[in-house]
Every structure is written in structure tokens, then in C-alpha cells.
$ cat run.json   # JSON, C-alpha atoms
[["chain", "number", "residue", "atom", "x", "y", "z"],
["A", 1, "MET", "CA", -27.60, -38.07, 37.21],
["A", 2, "ALA", "CA", -30.01, -40.98, 37.68],
["A", 3, "VAL", "CA", -28.45, -44.30, 38.63],
["A", 4, "PRO", "CA", -30.45, -47.52, 38.14],
["A", 5, "LYS", "CA", -31.06, -49.54, 41.31],
["A", 6, "ARG", "CA", -31.08, -52.93, 39.61],
["A", 7, "LYS", "CA", -29.52, -54.51, 36.53],
["A", 8, "MET", "CA", -31.82, -54.39, 33.52],
["A", 9, "SER", "CA", -32.67, -57.84, 32.13],
["A", 10, "ARG", "CA", -31.71, -58.89, 28.62],
["A", 11, "SER", "CA", -35.31, -58.95, 27.43],
["A", 12, "ASN", "CA", -35.96, -55.43, 28.70],
["A", 13, "THR", "CA", -32.73, -54.18, 27.15],
["A", 14, "ARG", "CA", -33.46, -55.83, 23.81],
["A", 15, "SER", "CA", -37.06, -54.65, 23.65],
["A", 16, "ARG", "CA", -35.94, -51.09, 24.36],
["A", 17, "ARG", "CA", -33.29, -51.31, 21.64],
["A", 18, "ALA", "CA", -35.82, -52.75, 19.18],
["A", 19, "GLN", "CA", -37.66, -49.41, 19.14],
["A", 20, "TRP", "CA", -34.54, -47.51, 17.95],
["A", 21, "LYS", "CA", -34.99, -47.54, 14.18],
["A", 22, "ALA", "CA", -33.75, -45.55, 11.25],
["A", 23, "THR", "CA", -36.43, -43.80, 9.20],
["A", 24, "ALA", "CA", -36.61, -44.00, 5.44],
["A", 25, "VAL", "CA", -35.45, -40.95, 3.49],
["A", 26, "ALA", "CA", -38.43, -38.83, 2.44],
["A", 27, "THR", "CA", -38.48, -37.97, -1.26],
["A", 28, "VAL", "CA", -40.83, -35.85, -3.34],
["A", 29, "ALA", "CA", -41.35, -35.78, -7.10],
["A", 30, "CYS", "CA", -39.67, -32.95, -8.99],
["A", 31, "PRO", "CA", -42.35, -30.74, -10.57],
["A", 32, "GLN", "CA", -40.33, -30.39, -13.80],
["A", 33, "CYS", "CA", -38.98, -33.89, -14.54],
["A", 34, "ARG", "CA", -40.94, -36.01, -11.99],
["A", 35, "SER", "CA", -37.77, -37.71, -10.70],
["A", 36, "PRO", "CA", -37.50, -38.34, -6.94],
["A", 37, "LYS", "CA", -35.57, -35.66, -5.06],
["A", 38, "LEU", "CA", -34.99, -34.55, -1.48],
["A", 39, "PRO", "CA", -37.46, -31.94, -0.23],
["A", 40, "HIS", "CA", -36.20, -28.33, -0.04],
["A", 41, "ALA", "CA", -33.25, -29.13, -2.33],
["A", 42, "ALA", "CA", -32.44, -28.59, -5.99],
["A", 43, "CYS", "CA", -33.22, -31.47, -8.34],
["A", 44, "THR", "CA", -30.04, -33.33, -9.30],
["A", 45, "VAL", "CA", -31.48, -34.45, -12.66],
["A", 46, "CYS", "CA", -32.80, -31.21, -14.16],
["A", 47, "GLY", "CA", -31.23, -28.66, -11.77],
["A", 48, "THR", "CA", -34.37, -26.69, -10.91],
["A", 49, "TYR", "CA", -35.53, -25.41, -7.53],
["A", 50, "ASN", "CA", -38.78, -23.53, -6.83],
["A", 51, "GLY", "CA", -39.53, -23.29, -10.56],
["A", 52, "ARG", "CA", -36.15, -21.71, -11.43],
["A", 53, "GLN", "CA", -33.03, -23.15, -13.02],
["A", 54, "VAL", "CA", -30.33, -23.01, -10.35],
["A", 55, "LEU", "CA", -27.85, -25.70, -11.46],
["A", 56, "GLU", "CA", -26.34, -26.27, -14.86],
["A", 57, "VAL", "CA", -26.83, -29.93, -15.68]]

$ encode --input "run.json" --output "C-alpha cells"
Amino acid sequence: MAVPKRKMSRSNTRSRRAQWKATAVATVACPQCRSPKLPHAACTVCGTYNGRQVLEV
């Protein structure tokens, strides 16, 4: 395991932490009802996936 030789300064620590961000959730439009939905998942509004009805809504 690597052990740092010197203490890391506050500015270096804070600039490293500034790069750690959460990404926005990617959504796509449902081909049936055009509502935003998660990719590779059934639409929660109309219940279709891959052109088929898979959920009863």
C-alpha cells in the first residue's frame, strides 16, 4: 500500500475533491407516449418496453 511522504495541503485536497461530482440521470423519450424514462427500462406512464405492453397501467 502506498503511503504519502508529506501531508497534502488544503488547496490540493479541495481541488481533488472538487472533481468528484455526481452525474445527471440520463433519460430518453418513450417511443409510445414521449414521456421521459430511464433507458433499458419499461415506461412507467404507458407500461411499454421494446414496442410491447409489459406492465398494466

$ atom_distance --input "run.json" --atom1 "CA of Ala22 in chain A" --atom2 "CA of Ala2 in chain A"
27.1 Å

$ atom_distance --input "run.json" --atom1 "CA of Ala26 in chain A" --atom2 "CA of Thr13 in chain A"
29.6 Å

$ residues_around --input "run.json" --residues "range 43-48 of chain A" --least-positions-apart "6" --cutoff "8 Å" --atoms "only C-alpha atoms" --output "list of chain:residue names"
A:Cys30, A:Gln32, A:Cys33, A:Ser35, A:Lys37, A:Val54, A:Leu55, A:Glu56, A:Val57

$ write_last_selection --input "run.json" --atoms "C-alpha atoms" --output "PDB file, in the frame of the given file"
ATOM      1  CA  CYS A  30     -39.670 -32.950  -8.990  1.00  0.00           C
ATOM      2  CA  GLN A  32     -40.330 -30.390 -13.800  1.00  0.00           C
ATOM      3  CA  CYS A  33     -38.980 -33.890 -14.540  1.00  0.00           C
ATOM      4  CA  SER A  35     -37.770 -37.710 -10.700  1.00  0.00           C
ATOM      5  CA  LYS A  37     -35.570 -35.660  -5.060  1.00  0.00           C
ATOM      6  CA  VAL A  54     -30.330 -23.010 -10.350  1.00  0.00           C
ATOM      7  CA  LEU A  55     -27.850 -25.700 -11.460  1.00  0.00           C
ATOM      8  CA  GLU A  56     -26.340 -26.270 -14.860  1.00  0.00           C
ATOM      9  CA  VAL A  57     -26.830 -29.930 -15.680  1.00  0.00           C
TER      10      VAL A  57
END

$ atom_distance --input "run.json" --atom1 "CA of Lys5 in chain A" --atom2 "CA of Trp20 in chain A"
23.7 Å

$ closest_residue --input "run.json" --among "A:Tyr49, A:Met1, A:Asn12, A:Gln19" --to "Pro31 in chain A" --atoms "all atoms listed in the file"
A:Tyr49

$ axis_aligned_box --input "run.json" --around "range 35-50 of chain A" --padding-each-side "5 Å" --output "AutoDock Vina command-line options"
--center_x -34.4 --center_y -30.9 --center_z -7.1 --size_x 18.7 --size_y 24.8 --size_z 24.1

$ closest_residue --input "run.json" --among "A:Thr23, A:Ala18, A:Val28, A:Arg6" --to "Ala42 in chain A" --atoms "only C-alpha atoms"
A:Val28
